[in-house]
>>> print(open('coords.pdb').read())   # PDB, C-alpha atoms, pLDDT in the B column
MODEL        1
ATOM      1  CA  MET A  10       7.710   0.708   2.316  1.00 82.00           C
ATOM      2  CA  GLU A  11      10.930   2.638   2.554  1.00 92.00           C
ATOM      3  CA  GLN A  12      11.162   5.828   4.600  1.00 95.00           C
ATOM      4  CA  TYR A  13      11.474   8.014   1.496  1.00 91.00           C
ATOM      5  CA  GLU A  14       8.323   6.463   0.053  1.00 95.00           C
ATOM      6  CA  LEU A  15       6.449   7.074   3.288  1.00 95.00           C
ATOM      7  CA  GLU A  16       7.577  10.700   3.196  1.00 95.00           C
ATOM      8  CA  LEU A  17       6.309  11.059  -0.379  1.00 95.00           C
ATOM      9  CA  ILE A  18       2.965   9.544   0.613  1.00 96.00           C
ATOM     10  CA  ALA A  19       2.696  11.959   3.537  1.00 96.00           C
ATOM     11  CA  LYS A  20       3.634  14.905   1.322  1.00 94.00           C
ATOM     12  CA  TYR A  21       1.535  14.161  -1.752  1.00 96.00           C
ATOM     13  CA  GLY A  22      -1.276  12.070  -0.268  1.00 95.00           C
ATOM     14  CA  LYS A  23      -3.033  15.213   0.925  1.00 93.00           C
ATOM     15  CA  GLN A  24      -3.457  16.512  -2.607  1.00 96.00           C
ATOM     16  CA  ASP A  25      -3.618  13.210  -4.507  1.00 97.00           C
ATOM     17  CA  HIS A  26      -6.865  11.541  -3.480  1.00 97.00           C
ATOM     18  CA  GLU A  27      -6.085   8.341  -5.368  1.00 98.00           C
ATOM     19  CA  LEU A  28      -2.730   7.970  -3.622  1.00 98.00           C
ATOM     20  CA  ASN A  29      -4.373   8.626  -0.265  1.00 97.00           C
ATOM     21  CA  ARG A  30      -7.166   6.131  -0.966  1.00 98.00           C
ATOM     22  CA  LEU A  31      -4.704   3.458  -2.090  1.00 98.00           C
ATOM     23  CA  TRP A  32      -2.528   4.037   0.982  1.00 98.00           C
ATOM     24  CA  GLU A  33      -5.491   3.816   3.384  1.00 98.00           C
ATOM     25  CA  GLN A  34      -6.622   0.649   1.621  1.00 98.00           C
ATOM     26  CA  HIS A  35      -3.088  -0.774   1.870  1.00 98.00           C
ATOM     27  CA  LEU A  36      -3.045  -0.168   5.622  1.00 98.00           C
ATOM     28  CA  GLU A  37      -6.443  -1.836   6.010  1.00 98.00           C
ATOM     29  CA  TYR A  38      -5.285  -4.877   4.039  1.00 98.00           C
ATOM     30  CA  GLU A  39      -2.178  -5.007   6.228  1.00 98.00           C
ATOM     31  CA  LYS A  40      -4.349  -5.151   9.364  1.00 98.00           C
ATOM     32  CA  GLN A  41      -6.476  -7.922   7.853  1.00 98.00           C
ATOM     33  CA  VAL A  42      -3.399  -9.942   6.879  1.00 98.00           C
ATOM     34  CA  GLU A  43      -1.896  -9.562  10.354  1.00 98.00           C
ATOM     35  CA  LYS A  44      -5.161 -10.628  11.969  1.00 98.00           C
ATOM     36  CA  LEU A  45      -5.439 -13.760   9.851  1.00 98.00           C
ATOM     37  CA  GLU A  46      -1.747 -14.634  10.106  1.00 97.00           C
ATOM     38  CA  SER A  47      -1.883 -14.362  13.891  1.00 97.00           C
ATOM     39  CA  LYS A  48      -4.219 -17.348  14.018  1.00 96.00           C
ATOM     40  CA  THR A  49      -2.667 -20.714  14.695  1.00 93.00           C
ATOM     41  CA  ASN A  50      -4.811 -22.601  12.220  1.00 95.00           C
ATOM     42  CA  LEU A  51      -6.773 -21.161   9.344  1.00 96.00           C
ATOM     43  CA  THR A  52      -9.912 -22.686   7.945  1.00 97.00           C
ATOM     44  CA  PRO A  53      -9.867 -23.267   4.178  1.00 97.00           C
ATOM     45  CA  GLN A  54     -12.131 -20.219   3.817  1.00 98.00           C
ATOM     46  CA  GLU A  55      -9.770 -18.059   5.901  1.00 98.00           C
ATOM     47  CA  ASP A  56      -6.780 -19.321   3.929  1.00 97.00           C
ATOM     48  CA  SER A  57      -8.522 -18.406   0.689  1.00 98.00           C
ATOM     49  CA  GLU A  58      -9.448 -14.997   2.106  1.00 98.00           C
ATOM     50  CA  LEU A  59      -5.841 -14.401   3.176  1.00 98.00           C
ATOM     51  CA  LYS A  60      -4.565 -15.198  -0.307  1.00 98.00           C
ATOM     52  CA  GLN A  61      -7.135 -12.869  -1.881  1.00 98.00           C
ATOM     53  CA  ILE A  62      -6.273 -10.014   0.488  1.00 98.00           C
ATOM     54  CA  LYS A  63      -2.569 -10.455  -0.265  1.00 98.00           C
ATOM     55  CA  LYS A  64      -3.287 -10.266  -4.002  1.00 98.00           C
ATOM     56  CA  LEU A  65      -5.328  -7.091  -3.553  1.00 98.00           C
ATOM     57  CA  LYS A  66      -2.655  -5.610  -1.310  1.00 98.00           C
ATOM     58  CA  LEU A  67       0.059  -6.336  -3.872  1.00 98.00           C
ATOM     59  CA  ALA A  68      -2.006  -4.858  -6.715  1.00 98.00           C
ATOM     60  CA  GLY A  69      -2.580  -1.722  -4.659  1.00 98.00           C
ATOM     61  CA  LYS A  70       1.097  -1.467  -3.773  1.00 97.00           C
ATOM     62  CA  THR A  71       1.972  -1.672  -7.454  1.00 98.00           C
ATOM     63  CA  LYS A  72      -0.362   1.253  -8.171  1.00 98.00           C
ATOM     64  CA  ILE A  73       1.120   3.196  -5.250  1.00 98.00           C
ATOM     65  CA  GLN A  74       4.625   2.580  -6.608  1.00 97.00           C
ATOM     66  CA  GLN A  75       3.579   3.911 -10.015  1.00 97.00           C
ATOM     67  CA  LEU A  76       2.201   7.093  -8.475  1.00 97.00           C
ATOM     68  CA  LEU A  77       5.258   7.512  -6.275  1.00 97.00           C
ATOM     69  CA  GLU A  78       7.548   7.197  -9.291  1.00 97.00           C
ATOM     70  CA  LYS A  79       5.829  10.239 -10.793  1.00 95.00           C
ATOM     71  CA  TYR A  80       6.438  12.179  -7.578  1.00 95.00           C
ATOM     72  CA  ARG A  81      10.057  10.981  -7.348  1.00 94.00           C
ATOM     73  CA  GLN A  82      10.666  12.412 -10.811  1.00 94.00           C
ATOM     74  CA  GLN A  83       9.037  15.691  -9.771  1.00 92.00           C
ATOM     75  CA  GLU A  84      11.286  15.848  -6.713  1.00 90.00           C
ATOM     76  CA  VAL A  85      14.385  15.308  -8.853  1.00 90.00           C
ATOM     77  CA  GLN A  86      13.279  17.990 -11.325  1.00 91.00           C
ATOM     78  CA  ASN A  87      12.601  20.426  -8.499  1.00 88.00           C
ATOM     79  CA  GLU A  88      16.090  19.863  -7.106  1.00 87.00           C
ATOM     80  CA  ALA A  89      17.737  20.502 -10.491  1.00 75.00           C
TER      81      ALA A  89
ENDMDL
END
>>> encode(input="coords.pdb", output="structure tokens")
Amino acid sequence: MEQYELELIAKYGKQDHELNRLWEQHLEYEKQVEKLESKTNLTPQEDSELKQIKKLKLAGKTKIQQLLEKYRQQEVQNEA
């Protein structure tokens, strides 16, 4: 995530429960990915789990991006 996006999450996450939930979930998926990727060898089950977590993480990030776009537009309108 870019710094501006992180700032938007910090600013609007307090009032937007969905954005906050998605962000917390994203961070949890990130921890799980890092844990699995830190292993030297993954079992087939772990490899499958890693792929599934990455898919969920990407889907969540897409939803976060959609919400952030709404807030970006609000920021631009407020500046005008």
>>> residues_near_point(input="coords.pdb", point="(0.1, -6.8, 4.8)", cutoff="10 Å", atoms="all atoms listed in the file", output="count of residues only")
17
>>> closest_residue(input="coords.pdb", among="A:Ala89, A:Ile73, A:Ala68, A:Leu45", to="Tyr21 of chain A", atoms="all atoms listed in the file")
A:Ile73
>>> resolve_selection(input="coords.pdb", expression="the PyMOL selection byres ((chain A and resi 11-19) around 12)", output="ChimeraX atom specification")
/A:10,20-33,70,73-84
>>> write_last_selection(input="coords.pdb", atoms="C-alpha atoms", output="compact mmCIF listing (two decimals), in the coordinates of the input")
# COMPACT_ATOMS: atom_id res chain seq x y z
CA MET A 10 7.71 0.71 2.32
CA LYS A 20 3.63 14.90 1.32
CA TYR A 21 1.54 14.16 -1.75
CA GLY A 22 -1.28 12.07 -0.27
CA LYS A 23 -3.03 15.21 0.92
CA GLN A 24 -3.46 16.51 -2.61
CA ASP A 25 -3.62 13.21 -4.51
CA HIS A 26 -6.86 11.54 -3.48
CA GLU A 27 -6.08 8.34 -5.37
CA LEU A 28 -2.73 7.97 -3.62
CA ASN A 29 -4.37 8.63 -0.26
CA ARG A 30 -7.17 6.13 -0.97
CA LEU A 31 -4.70 3.46 -2.09
CA TRP A 32 -2.53 4.04 0.98
CA GLU A 33 -5.49 3.82 3.38
CA LYS A 70 1.10 -1.47 -3.77
CA ILE A 73 1.12 3.20 -5.25
CA GLN A 74 4.62 2.58 -6.61
CA GLN A 75 3.58 3.91 -10.02
CA LEU A 76 2.20 7.09 -8.48
CA LEU A 77 5.26 7.51 -6.28
CA GLU A 78 7.55 7.20 -9.29
CA LYS A 79 5.83 10.24 -10.79
CA TYR A 80 6.44 12.18 -7.58
CA ARG A 81 10.06 10.98 -7.35
CA GLN A 82 10.67 12.41 -10.81
CA GLN A 83 9.04 15.69 -9.77
CA GLU A 84 11.29 15.85 -6.71
>>> atom_distance(input="coords.pdb", atom1="atom CA of Gln34 of chain A", atom2="atom CA of Thr52 of chain A")
24.4 Å
>>> atom_distance(input="coords.pdb", atom1="atom CA of Thr71 of chain A", atom2="atom CA of Gln86 of chain A")
23.0 Å
>>> decode(input="coords.pdb", residues="segment 65-89 of chain A", atoms="N, CA and C atoms", output="PDB file, in the first residue's frame")
ATOM      1  N   LEU A  65      -7.401 -14.781  -1.128  1.00  0.00           N
ATOM      2  CA  LEU A  65      -8.265 -14.032  -0.216  1.00  0.00           C
ATOM      3  C   LEU A  65      -7.714 -12.637   0.046  1.00  0.00           C
ATOM      4  N   LYS A  66      -6.397 -12.560   0.199  1.00  0.00           N
ATOM      5  CA  LYS A  66      -5.743 -11.283   0.455  1.00  0.00           C
ATOM      6  C   LYS A  66      -5.934 -10.344  -0.732  1.00  0.00           C
ATOM      7  N   LEU A  67      -5.779 -10.873  -1.936  1.00  0.00           N
ATOM      8  CA  LEU A  67      -5.945 -10.063  -3.140  1.00  0.00           C
ATOM      9  C   LEU A  67      -7.394  -9.593  -3.292  1.00  0.00           C
ATOM     10  N   ALA A  68      -8.339 -10.477  -3.027  1.00  0.00           N
ATOM     11  CA  ALA A  68      -9.756 -10.104  -3.110  1.00  0.00           C
ATOM     12  C   ALA A  68     -10.075  -9.000  -2.110  1.00  0.00           C
ATOM     13  N   GLY A  69      -9.533  -9.121  -0.915  1.00  0.00           N
ATOM     14  CA  GLY A  69      -9.746  -8.090   0.105  1.00  0.00           C
ATOM     15  C   GLY A  69      -9.109  -6.779  -0.285  1.00  0.00           C
ATOM     16  N   LYS A  70      -7.922  -6.846  -0.873  1.00  0.00           N
ATOM     17  CA  LYS A  70      -7.230  -5.622  -1.291  1.00  0.00           C
ATOM     18  C   LYS A  70      -8.021  -4.915  -2.390  1.00  0.00           C
ATOM     19  N   THR A  71      -8.626  -5.689  -3.264  1.00  0.00           N
ATOM     20  CA  THR A  71      -9.451  -5.107  -4.317  1.00  0.00           C
ATOM     21  C   THR A  71     -10.628  -4.347  -3.711  1.00  0.00           C
ATOM     22  N   LYS A  72     -11.256  -4.930  -2.700  1.00  0.00           N
ATOM     23  CA  LYS A  72     -12.376  -4.263  -2.025  1.00  0.00           C
ATOM     24  C   LYS A  72     -11.900  -3.001  -1.303  1.00  0.00           C
ATOM     25  N   ILE A  73     -10.728  -3.090  -0.674  1.00  0.00           N
ATOM     26  CA  ILE A  73     -10.157  -1.922   0.001  1.00  0.00           C
ATOM     27  C   ILE A  73      -9.923  -0.812  -1.015  1.00  0.00           C
ATOM     28  N   GLN A  74      -9.359  -1.160  -2.164  1.00  0.00           N
ATOM     29  CA  GLN A  74      -9.077  -0.163  -3.200  1.00  0.00           C
ATOM     30  C   GLN A  74     -10.365   0.520  -3.667  1.00  0.00           C
ATOM     31  N   GLN A  75     -11.441  -0.242  -3.783  1.00  0.00           N
ATOM     32  CA  GLN A  75     -12.714   0.338  -4.197  1.00  0.00           C
ATOM     33  C   GLN A  75     -13.216   1.339  -3.158  1.00  0.00           C
ATOM     34  N   LEU A  76     -13.112   0.982  -1.897  1.00  0.00           N
ATOM     35  CA  LEU A  76     -13.536   1.903  -0.839  1.00  0.00           C
ATOM     36  C   LEU A  76     -12.642   3.141  -0.797  1.00  0.00           C
ATOM     37  N   LEU A  77     -11.353   2.935  -0.974  1.00  0.00           N
ATOM     38  CA  LEU A  77     -10.426   4.066  -0.934  1.00  0.00           C
ATOM     39  C   LEU A  77     -10.659   5.017  -2.099  1.00  0.00           C
ATOM     40  N   GLU A  78     -11.070   4.494  -3.234  1.00  0.00           N
ATOM     41  CA  GLU A  78     -11.355   5.357  -4.385  1.00  0.00           C
ATOM     42  C   GLU A  78     -12.482   6.326  -4.046  1.00  0.00           C
ATOM     43  N   LYS A  79     -13.487   5.842  -3.338  1.00  0.00           N
ATOM     44  CA  LYS A  79     -14.589   6.704  -2.906  1.00  0.00           C
ATOM     45  C   LYS A  79     -14.055   7.822  -2.011  1.00  0.00           C
ATOM     46  N   TYR A  80     -13.152   7.481  -1.100  1.00  0.00           N
ATOM     47  CA  TYR A  80     -12.611   8.486  -0.189  1.00  0.00           C
ATOM     48  C   TYR A  80     -11.642   9.431  -0.904  1.00  0.00           C
ATOM     49  N   ARG A  81     -10.915   8.930  -1.902  1.00  0.00           N
ATOM     50  CA  ARG A  81     -10.049   9.809  -2.693  1.00  0.00           C
ATOM     51  C   ARG A  81     -10.889  10.883  -3.368  1.00  0.00           C
ATOM     52  N   GLN A  82     -12.008  10.478  -3.949  1.00  0.00           N
ATOM     53  CA  GLN A  82     -12.889  11.425  -4.625  1.00  0.00           C
ATOM     54  C   GLN A  82     -13.440  12.438  -3.637  1.00  0.00           C
ATOM     55  N   GLN A  83     -13.780  11.999  -2.435  1.00  0.00           N
ATOM     56  CA  GLN A  83     -14.258  12.925  -1.405  1.00  0.00           C
ATOM     57  C   GLN A  83     -13.181  13.944  -1.049  1.00  0.00           C
ATOM     58  N   GLU A  84     -11.947  13.467  -0.944  1.00  0.00           N
ATOM     59  CA  GLU A  84     -10.829  14.349  -0.601  1.00  0.00           C
ATOM     60  C   GLU A  84     -10.651  15.415  -1.686  1.00  0.00           C
ATOM     61  N   VAL A  85     -10.737  15.008  -2.940  1.00  0.00           N
ATOM     62  CA  VAL A  85     -10.582  15.941  -4.048  1.00  0.00           C
ATOM     63  C   VAL A  85     -11.709  16.979  -4.029  1.00  0.00           C
ATOM     64  N   GLN A  86     -12.936  16.508  -3.791  1.00  0.00           N
ATOM     65  CA  GLN A  86     -14.079  17.424  -3.734  1.00  0.00           C
ATOM     66  C   GLN A  86     -13.954  18.397  -2.563  1.00  0.00           C
ATOM     67  N   ASN A  87     -13.429  17.928  -1.453  1.00  0.00           N
ATOM     68  CA  ASN A  87     -13.270  18.801  -0.294  1.00  0.00           C
ATOM     69  C   ASN A  87     -12.207  19.862  -0.528  1.00  0.00           C
ATOM     70  N   GLU A  88     -11.219  19.541  -1.353  1.00  0.00           N
ATOM     71  CA  GLU A  88     -10.152  20.497  -1.648  1.00  0.00           C
ATOM     72  C   GLU A  88     -10.617  21.555  -2.636  1.00  0.00           C
ATOM     73  N   ALA A  89     -11.616  21.212  -3.454  1.00  0.00           N
ATOM     74  CA  ALA A  89     -12.073  22.143  -4.508  1.00  0.00           C
ATOM     75  C   ALA A  89     -12.912  23.275  -3.940  1.00  0.00           C
TER      76      ALA A  89
END
